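Colleague: Data: input_25.cif, mmCIF, C-alpha atoms.
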```cif
data_input
loop_
_atom_site.group_PDB
_atom_site.id
_atom_site.type_symbol
_atom_site.label_atom_id
_atom_site.label_comp_id
_atom_site.auth_asym_id
_atom_site.auth_seq_id
_atom_site.Cartn_x
_atom_site.Cartn_y
_atom_site.Cartn_z
ATOM 1 C CA MET J 1 0.000 0.000 0.000
ATOM 2 C CA LEU J 2 1.263 3.420 -0.940
ATOM 3 C CA ARG J 3 -0.048 5.827 1.683
ATOM 4 C CA ILE J 4 0.200 9.421 0.560
ATOM 5 C CA HIS J 5 -0.436 12.242 3.003
ATOM 6 C CA PHE J 6 -1.689 15.581 1.738
ATOM 7 C CA SER J 7 -2.834 18.919 3.112
ATOM 8 C CA PRO J 8 -4.492 22.006 1.651
ATOM 9 C CA GLU J 9 -0.978 23.309 1.001
ATOM 10 C CA THR J 10 0.270 20.195 -0.817
ATOM 11 C CA LEU J 11 -2.827 18.967 -2.691
ATOM 12 C CA GLN J 12 -1.920 20.631 -5.988
ATOM 13 C CA LEU J 13 1.719 19.561 -5.699
ATOM 14 C CA LEU J 14 0.781 15.869 -6.002
ATOM 15 C CA ASP J 15 0.184 15.913 -9.766
ATOM 16 C CA PRO J 16 3.706 14.735 -10.779
ATOM 17 C CA LEU J 17 3.597 11.994 -8.125
ATOM 18 C CA ILE J 18 0.138 10.865 -9.259
ATOM 19 C CA LYS J 19 1.397 10.721 -12.835
ATOM 20 C CA ASP J 20 4.279 8.435 -11.751
ATOM 21 C CA ILE J 21 2.033 6.252 -9.587
ATOM 22 C CA LYS J 22 -0.462 5.902 -12.428
ATOM 23 C CA LYS J 23 2.325 4.817 -14.769
ATOM 24 C CA GLU J 24 4.107 2.436 -12.385
ATOM 25 C CA PHE J 25 1.551 0.978 -9.965
ATOM 26 C CA THR J 26 -2.153 1.203 -10.868
ATOM 27 C CA HIS J 27 -1.952 -1.678 -13.332
ATOM 28 C CA ASP J 28 -0.333 -3.973 -10.755
ATOM 29 C CA PRO J 29 -2.812 -5.614 -8.340
ATOM 30 C CA ARG J 30 -0.081 -6.062 -5.708
ATOM 31 C CA PHE J 31 -0.238 -2.341 -5.006
ATOM 32 C CA SER J 32 -2.981 -0.180 -3.586
ATOM 33 C CA ILE J 33 -3.023 3.560 -3.106
ATOM 34 C CA PHE J 34 -4.385 5.329 -0.045
ATOM 35 C CA PHE J 35 -4.572 9.107 0.140
ATOM 36 C CA LYS J 36 -4.742 10.431 3.694
ATOM 37 C CA ALA J 37 -5.470 14.031 4.609
ATOM 38 C CA ILE J 38 -3.206 15.464 7.308
ATOM 39 C CA GLU J 39 -4.937 15.724 10.675
ATOM 40 C CA ARG J 40 -4.347 17.386 14.005
ATOM 41 C CA LEU J 41 -3.284 14.596 16.351
ATOM 42 C CA GLY J 42 -2.376 16.499 19.493
ATOM 43 C CA SER J 43 1.112 17.860 18.876
ATOM 44 C CA PRO J 44 2.119 21.240 20.295
ATOM 45 C CA ASN J 45 2.039 22.615 16.727
ATOM 46 C CA ASP J 46 -1.516 21.472 15.914
ATOM 47 C CA ALA J 47 -2.856 25.017 15.696
ATOM 48 C CA SER J 48 -0.387 25.863 12.938
ATOM 49 C CA ILE J 49 -1.359 22.882 10.751
ATOM 50 C CA LYS J 50 -3.752 23.778 7.954
ATOM 51 C CA ILE J 51 -6.353 21.038 7.533
ATOM 52 C CA PHE J 52 -9.413 20.424 5.390
ATOM 53 C CA SER J 53 -12.970 20.579 6.663
ATOM 54 C CA GLU J 54 -14.764 17.235 6.290
ATOM 55 C CA THR J 55 -16.506 18.460 3.121
ATOM 56 C CA GLU J 56 -13.254 19.767 1.639
ATOM 57 C CA LYS J 57 -11.491 16.524 2.512
ATOM 58 C CA GLU J 58 -14.112 14.450 0.681
ATOM 59 C CA GLU J 59 -13.840 16.748 -2.353
ATOM 60 C CA ALA J 60 -10.042 16.477 -2.308
ATOM 61 C CA LEU J 61 -10.205 12.676 -2.085
ATOM 62 C CA LYS J 62 -12.600 12.553 -5.052
ATOM 63 C CA LEU J 63 -10.260 14.838 -7.009
ATOM 64 C CA LEU J 64 -7.222 12.661 -6.259
ATOM 65 C CA GLN J 65 -9.130 9.500 -7.145
ATOM 66 C CA SER J 66 -10.241 11.066 -10.418
ATOM 67 C CA LYS J 67 -6.682 12.127 -11.267
ATOM 68 C CA LEU J 68 -5.362 8.653 -10.526
ATOM 69 C CA PHE J 69 -8.081 6.484 -12.078
ATOM 70 C CA GLY J 70 -9.915 8.847 -14.432
ATOM 71 C CA GLU J 71 -13.508 10.028 -14.228
ATOM 72 C CA ASN J 72 -14.984 6.581 -14.863
ATOM 73 C CA GLY J 73 -11.962 4.497 -13.941
ATOM 74 C CA SER J 74 -11.748 1.735 -11.409
ATOM 75 C CA SER J 75 -10.976 2.760 -7.876
ATOM 76 C CA GLN J 76 -10.362 -0.753 -6.585
ATOM 77 C CA ASN J 77 -6.844 0.162 -5.525
ATOM 78 C CA TYR J 78 -8.001 3.313 -3.800
ATOM 79 C CA SER J 79 -9.834 1.924 -0.808
ATOM 80 C CA PHE J 80 -8.428 1.391 2.630
ATOM 81 C CA PRO J 81 -9.730 -1.798 4.208
ATOM 82 C CA ASP J 82 -11.768 -1.488 7.366
ATOM 83 C CA ASN J 83 -9.628 -3.670 9.573
ATOM 84 C CA PRO J 84 -9.042 -3.651 13.313
ATOM 85 C CA ILE J 85 -5.369 -4.531 12.813
ATOM 86 C CA CYS J 86 -3.188 -1.439 12.701
ATOM 87 C CA TYR J 87 -0.745 -1.162 9.818
ATOM 88 C CA ALA J 88 2.071 -0.793 12.391
ATOM 89 C CA SER J 89 1.295 -4.309 13.666
ATOM 90 C CA ARG J 90 1.832 -5.804 10.230
ATOM 91 C CA PRO J 91 5.280 -7.278 9.620
ATOM 92 C CA ASN J 92 5.372 -6.033 6.021
ATOM 93 C CA SER J 93 4.348 -2.444 6.790
ATOM 94 C CA LEU J 94 7.111 0.135 7.137
ATOM 95 C CA ILE J 95 7.308 3.897 6.859
ATOM 96 C CA ILE J 96 10.304 5.462 5.194
ATOM 97 C CA ARG J 97 10.952 9.017 6.246
ATOM 98 C CA ALA J 98 12.563 11.666 4.079
ATOM 99 C CA ASN J 99 15.809 11.377 6.065
ATOM 100 C CA GLY J 100 16.033 7.606 5.451
ATOM 101 C CA ASN J 101 14.876 6.551 8.897
ATOM 102 C CA VAL J 102 12.501 3.599 8.893
ATOM 103 C CA GLY J 103 9.675 3.184 11.362
ATOM 104 C CA LYS J 104 6.376 1.443 11.935
ATOM 105 C CA CYS J 105 3.959 4.158 13.109
ATOM 106 C CA THR J 106 2.982 7.464 11.504
ATOM 107 C CA VAL J 107 1.618 8.779 14.799
ATOM 108 C CA ALA J 108 4.786 8.199 16.845
ATOM 109 C CA LEU J 109 7.120 9.901 14.404
ATOM 110 C CA TYR J 110 9.352 11.382 17.105
ATOM 111 C CA ASP J 111 9.306 8.436 19.484
ATOM 112 C CA GLU J 112 12.783 6.850 19.496
ATOM 113 C CA ARG J 113 11.199 3.370 19.737
ATOM 114 C CA ASN J 114 9.718 4.000 16.289
ATOM 115 C CA HIS J 115 13.147 4.343 14.685
ATOM 116 C CA ILE J 116 13.631 0.659 13.819
ATOM 117 C CA ALA J 117 16.099 0.956 10.942
ATOM 118 C CA SER J 118 17.881 3.273 8.533
ATOM 119 C CA LEU J 119 17.771 3.067 4.765
ATOM 120 C CA GLN J 120 21.358 2.925 3.529
ATOM 121 C CA PRO J 121 22.636 4.565 0.315
ATOM 122 C CA ASP J 122 22.895 1.136 -1.347
ATOM 123 C CA GLY J 123 19.204 0.397 -0.617
ATOM 124 C CA THR J 124 19.763 -2.014 2.259
ATOM 125 C CA LEU J 125 18.283 -1.584 5.724
ATOM 126 C CA LYS J 126 20.422 -1.277 8.812
ATOM 127 C CA LEU J 127 18.223 -2.529 11.650
ATOM 128 C CA VAL J 128 18.410 -1.080 15.141
ATOM 129 C CA PRO J 129 18.722 -4.182 17.341
ATOM 130 C CA GLY J 130 15.614 -4.980 19.384
ATOM 131 C CA ARG J 131 13.407 -2.262 17.888
ATOM 132 C CA LEU J 132 11.227 -4.229 15.441
ATOM 133 C CA ALA J 133 10.024 -7.096 17.657
ATOM 134 C CA PRO J 134 7.978 -4.963 20.095
ATOM 135 C CA TRP J 135 5.894 -3.619 17.217
ATOM 136 C CA LEU J 136 5.089 -7.177 16.125
ATOM 137 C CA ARG J 137 4.185 -8.614 19.522
ATOM 138 C CA GLY J 138 0.473 -8.689 18.621
ATOM 139 C CA ILE J 139 1.204 -11.010 15.699
ATOM 140 C CA GLU J 140 3.191 -13.264 18.007
ATOM 141 C CA ASN J 141 0.700 -13.463 20.879
ATOM 142 C CA LEU J 142 -2.535 -12.587 18.971
ATOM 143 C CA ASP J 143 -3.419 -9.955 21.565
ATOM 144 C CA LEU J 144 -6.204 -7.905 19.960
ATOM 145 C CA ALA J 145 -5.270 -4.707 21.812
ATOM 146 C CA SER J 146 -1.666 -4.928 20.592
ATOM 147 C CA LEU J 147 -2.862 -5.683 17.075
ATOM 148 C CA ALA J 148 -5.224 -2.704 17.111
ATOM 149 C CA CYS J 149 -2.501 -0.300 18.287
ATOM 150 C CA PRO J 150 0.985 -1.585 19.030
ATOM 151 C CA LEU J 151 2.020 1.867 20.281
ATOM 152 C CA VAL J 152 -0.195 1.416 23.347
ATOM 153 C CA ASN J 153 1.910 -0.297 25.997
ATOM 154 C CA LEU J 154 4.886 -0.467 23.638
ATOM 155 C CA PRO J 155 7.829 -1.590 25.772
ATOM 156 C CA SER J 156 10.700 0.818 26.262
ATOM 157 C CA SER J 157 13.787 -0.002 24.250
#
```
Write the structure described by the file as structure tokens, please.

Modeller:
Amino acid sequence: MLRIHFSPETLQLLDPLIKDIKKEFTHDPRFSIFFKAIERLGSPNDASIKIFSETEKEEALKLLQSKLFGENGSSQNYSFPDNPICYASRPNSLIIRANGNVGKCTVALYDERNHIASLQPDGTLKLVPGRLAPWLRGIENLDLASLACPLVNLPSS
């Protein structure tokens, strides 16, 4: 899944990325695309973040879907499954930050426990020992609370 965050300030800047995604990924059923509007999640800088109203967000999502799949095109790769298992609990779900740091959770961006690896210049990952396993404990013990949000009660590293 390609998860693409956008805001009122970045919506119109996505056109070149959408063009590349359309060319490289929409024909391949192994990939899905999920556009996610930026939200205020409680940081000290929340007031400075420009966000969409609910109506504007729905309009923006329709616009992005139209740009990616066309007016009458299939949107099968656009949906985000309604699933109680958080993406951060999934072994194959990683976030790659602009600085090359690799994590599991988009909410805990500045939590050191979320820095599980670094993307190296040659494309390999350099894992931080002991950092990945705590995120996957729900898969190991099938604890529904850990699967729903591994950040809750995440052990200290």

Colleague: From the list J:His5, J:Lys104, J:Lys50, J:Lys67, which residue is nearest Arg90 in chain J when using only C-alpha atoms?

Modeller: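 Among the listed residues, J:Lys104 lies closest to Arg90 in chain J.
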
Colleague: Enter the distance from CA of Leu127 in chain J to CA of Ala88 in chain J, in Å, rounded to one decimal.

Modeller: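 Computing it gives 16.3 Å between the two atoms.
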
Colleague: So which one's closest to Leu154 in chain J, J:Leu132, J:Met1, J:Leu14, J:Ile51? Using only C-alpha atoms, please.

Modeller: J:Leu132

Colleague: Looking at all atoms listed in the file, which of J:Glu112, J:Leu94, J:Ala145, J:Asn99 is the one that sits closest to Arg131 in chain J?

Modeller: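 The shortest atom-to-atom distance to Arg131 in chain J comes from J:Glu112.
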
Colleague: May I ask for the distance between CA of Ser93 in chain J and CA of Cys105 in chain J, given in Å to one decimal place?

Modeller: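 These atoms are spaced 9.1 Å apart.
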
Colleague: Using only C-alpha atoms, pick whichever of J:Leu13, J:Ala108, J:Leu142, J:Ala47 has the shortest atom-to-atom distance to Ile95 in chain J.

Modeller: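 Looking only at the distances to Ile95 in chain J, the closest residue turns out to be J:Ala108.
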